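**Q** Quick one: structure below, then a few questions.
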Amino acid sequence: MRVLVFTAAATAVLVISCSANTLPMITNVSVETAGDTVRVAYDVDDPDGDSMTVLLRFAGADGGVARPIAGIGGDLGPGVTSGTGKVITIDRAVATSELPEPFVPRLLAHDGTGLGGEMIAVASTGGPDFLVDRYETTNEQFAAFVRSDGYEFMDFWLVDDGTIEIVETGWNYAGKFRWLAPRFWDPSVEPPWSTDPHSELASTPVLGASWFEAYAYCKWAGRRLPSSSEWLEAAGLNVSPYSWGDDRTQGLTPPGFALANVRFGYEGYTFDGFTEDGSEHTAPVGSHSPRGDSPLGLADAIGNAWEWCNDVVAVVDYGTFSCATRPLRGGSWATAMPELDNPVKDLCPLYRTETIGFRCFR
């Protein structure tokens, strides 16, 4: 917790405090279909003890993310408390026109301070077990950090995990460059991400956030950035060359390619804009589920947005300053198919580009 004390006079003291919020998490999601009923079971927990609103969404045929649909019952709505075995039921007779096939739910829990999404438990083979967000962090989720003055409190920005010598580095850069939001956002408009020409929807991944901004968001949310080895394990790239298996395309070609949001040009296919997979830029997270998911269910590990990891790769001298580079994994909407054979690069953590995002681990 950061505490600021301003003394205007000997008898007048103003104290402002800010502490990290741990976003709620949803785990163990399962779907069963019986006749005209779809049953979605899940566990939900908010370590802060807040009551929550649970939202059920899904990727529609147009790639958009719909509102909660009609005919839903169970633990959907405000006042949901932590617990296991929560159930949402959907009457297909009511919702058939809105329900895609296959049915892949996207669950969100809002605790009044920010959105928490579905997390997948990973029984790690190379270290301690961990949790990973099923989806990349979205504009809607990152906006909660901005609106809660996440850019105003130094504690979220202190890199105190031992990977950097000067723990205030990110905080100092945020002040120096006057960061108030991701690079392409305009905090004076609503919604602030609507000014990003590459990620204009609430459900598309946040872009233009430096490694330091990603680190600060994760810390505020009670989460963290992953190591490269954790990311590879969650993405399934420790056992296969691609999240979905050994075949780069599974024989799919435009317009039927449905594995990842990438630039398709390869092996006889020329670059014809960026829409071969149905998206000009980023797609709503989960748009390529379940076909493009990792064996554990991680969505968009390949394509959509490059994802920051926590390792320090090397210290690079740029002449006027030096930078401890951090790894990026997975490729983006602008990554060409041949590059998916090794979707890895290292960049200075100050980079804020239209292809870089992140997801949180815990």
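FYI, nothing fancy with the structure tokens labels: chains A, B, ... in order, residues from 1 per chain, ligands from 1 as they appear.
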Which polymer residues have any atom within 9 Å of an atom of region 159-167 of chain A, counting only C-alpha atoms, with same-chain residues fewer than 6 positions away left out, as number ranges by chain?
**A** A: 212, 215-216, 310-312, 324
**Q** As a PyMOL selection string, please: all residues of region 184-276 of chain A that backbone DSSP puts in alpha helix (DSSP H).
**A** chain A and resi 211-220+228-235
**Q** Contacts of region 118-135 of chain A at 7 Å or less, counting only C-alpha atoms, minus same-chain residues fewer than 4 places along, as a tab-separated table (two decimals) with C-alpha atoms, in the first residue's frame?
**A**
chain	number	residue	atom	x	y	z
A	25	MET	CA	-10.93	-15.58	-11.23
A	26	ILE	CA	-13.09	-18.23	-12.83
A	27	THR	CA	-11.79	-21.79	-13.17
A	107	LEU	CA	-16.98	-15.97	-18.55
A	108	LEU	CA	-16.10	-12.72	-16.82
A	234	ALA	CA	0.52	-23.06	-21.22
A	285	VAL	CA	-10.23	-12.67	-27.82
A	286	GLY	CA	-11.42	-16.24	-28.19
A	297	GLY	CA	-7.54	-24.44	-23.53
A	298	LEU	CA	-5.39	-21.30	-23.90
A	299	ALA	CA	-6.90	-19.05	-26.58
A	300	ASP	CA	-4.96	-16.88	-29.04
A	359	ARG	CA	-1.86	-11.90	-20.64
A	360	CYS	CA	-1.54	-12.47	-16.92
A	361	PHE	CA	-0.44	-15.48	-14.92
A	362	ARG	CA	-0.71	-16.20	-11.21
**Q** Would you mind telling me which residue in A:Lys219, A:Arg263, A:Arg106, A:His281 lies nearest to Asp155 (chain A) when using only C-alpha atoms?
**A**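 Between A:Lys219, A:Arg263, A:Arg106, A:His281, the residue approaching Asp155 (chain A) most closely is A:Lys219.
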**Q** So that I can see what lies close to Glu354 (chain A), please list as a list in words the residues with an atom at most 10 Å from it, counting only C-alpha atoms and leaving out residues fewer than 6 positions away in the same chain.
**A**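 The residues that qualify are Arg183, Phe184, Asp196, Pro197, His198, Ser199, Val206, Leu207, Gly208, Ala209, His281, Thr282, Ala305, Trp306, Ser332, Trp333 and Ala334 of chain A.
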**Q** Pick out the closest residue to Gly222 (chain A) from this set: A:Val31, A:Leu23, A:Leu350, A:Cys309. Count only C-alpha atoms.
**A**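 Smallest distance to Gly222 (chain A) is found for A:Leu23.
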**Q** Taking the DSSP assignment computed from this structure's backbone, write out as JSON, numbers by chain all residues of region 121-194 of chain A that belong to strand (DSSP E).
**A** {"A": [121, 122, 130, 131, 132, 133]}
**Q** Could the residues in this selection be written to a file with N, CA and C atoms, as a compact mmCIF listing (two decimals), in the first residue's frame?
**A**
# COMPACT_ATOMS: atom_id res chain seq x y z
N ALA A 121 -5.74 -23.76 -14.83
CA ALA A 121 -4.72 -24.30 -13.95
C ALA A 121 -3.75 -25.15 -14.75
N VAL A 122 -2.45 -24.94 -14.54
CA VAL A 122 -1.42 -25.68 -15.24
C VAL A 122 -0.61 -26.47 -14.22
N PHE A 130 0.78 -23.31 -11.71
CA PHE A 130 0.39 -21.91 -11.83
C PHE A 130 -0.95 -21.80 -12.55
N LEU A 131 -1.51 -20.59 -12.53
CA LEU A 131 -2.74 -20.28 -13.25
C LEU A 131 -2.41 -19.29 -14.37
N VAL A 132 -3.16 -19.38 -15.46
CA VAL A 132 -2.95 -18.48 -16.59
C VAL A 132 -4.30 -18.02 -17.12
N ASP A 133 -4.40 -16.74 -17.46
CA ASP A 133 -5.62 -16.24 -18.09
C ASP A 133 -5.85 -16.97 -19.41
**Q** Can you pull out every residue within 12 Å of Tyr318 (chain A), counting only C-alpha atoms, but drop anything in the same chain fewer than 5 positions away, and send it as an MDAnalysis selection string?
**A** chainID A and resid 323:325 347:348
**Q** For C-alpha atoms, I'd like the residues from the last selection saved as a CSV table (one decimal), in the first residue's frame.
**A**
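As written to disk, selection16.csv reads:
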chain,number,residue,atom,x,y,z
A,323,CYS,CA,18.0,-1.6,-21.9
A,324,ALA,CA,17.4,-5.0,-20.4
A,325,THR,CA,15.3,-6.6,-23.2
A,347,LEU,CA,12.6,-6.0,-27.3
A,348,CYS,CA,13.4,-3.2,-25.0
**Q** Excluding same-chain residues fewer than 4 positions from Thr89 (chain A), what lies within 6 Å of it counting only C-alpha atoms, as a ChimeraX atom specification?
**A** /A:38-39,72-73
**Q** Could you turn the residues from that selection into a file that holds N, CA and C atoms, as a compact mmCIF listing (two decimals), in the first residue's frame?
**A**
# COMPACT_ATOMS: atom_id res chain seq x y z
N VAL A 38 -28.47 -26.01 -22.29
CA VAL A 38 -27.01 -25.98 -22.17
C VAL A 38 -26.67 -25.62 -20.74
N ARG A 39 -25.80 -26.41 -20.13
CA ARG A 39 -25.43 -26.21 -18.74
C ARG A 39 -23.94 -25.84 -18.67
N ILE A 72 -31.15 -17.21 -19.86
CA ILE A 72 -30.08 -17.67 -18.98
C ILE A 72 -30.54 -17.63 -17.53
N GLY A 73 -30.24 -18.69 -16.79
CA GLY A 73 -30.56 -18.71 -15.37
C GLY A 73 -29.34 -19.12 -14.58
**Q** Would you mind listing what lies within 8 Å of Asp43 (chain A) as JSON, numbers by chain, with only C-alpha atoms counted and same-chain residues fewer than 4 positions away left out?
**A** {"A": [26, 27, 28, 29, 82, 83, 84, 85, 86]}
**Q** Any chance you can output those residues with C-alpha atoms as a compact mmCIF listing (two decimals), in the first residue's frame?
**A**
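Written out: out.txt:
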# COMPACT_ATOMS: atom_id res chain seq x y z
CA ILE A 26 -13.09 -18.23 -12.83
CA THR A 27 -11.79 -21.79 -13.17
CA ASN A 28 -12.95 -25.29 -14.09
CA VAL A 29 -15.44 -24.25 -16.74
CA SER A 82 -17.10 -17.12 -4.21
CA GLY A 83 -17.78 -20.80 -4.50
CA THR A 84 -17.52 -23.99 -6.51
CA GLY A 85 -20.05 -25.71 -8.70
CA LYS A 86 -21.80 -22.56 -9.91
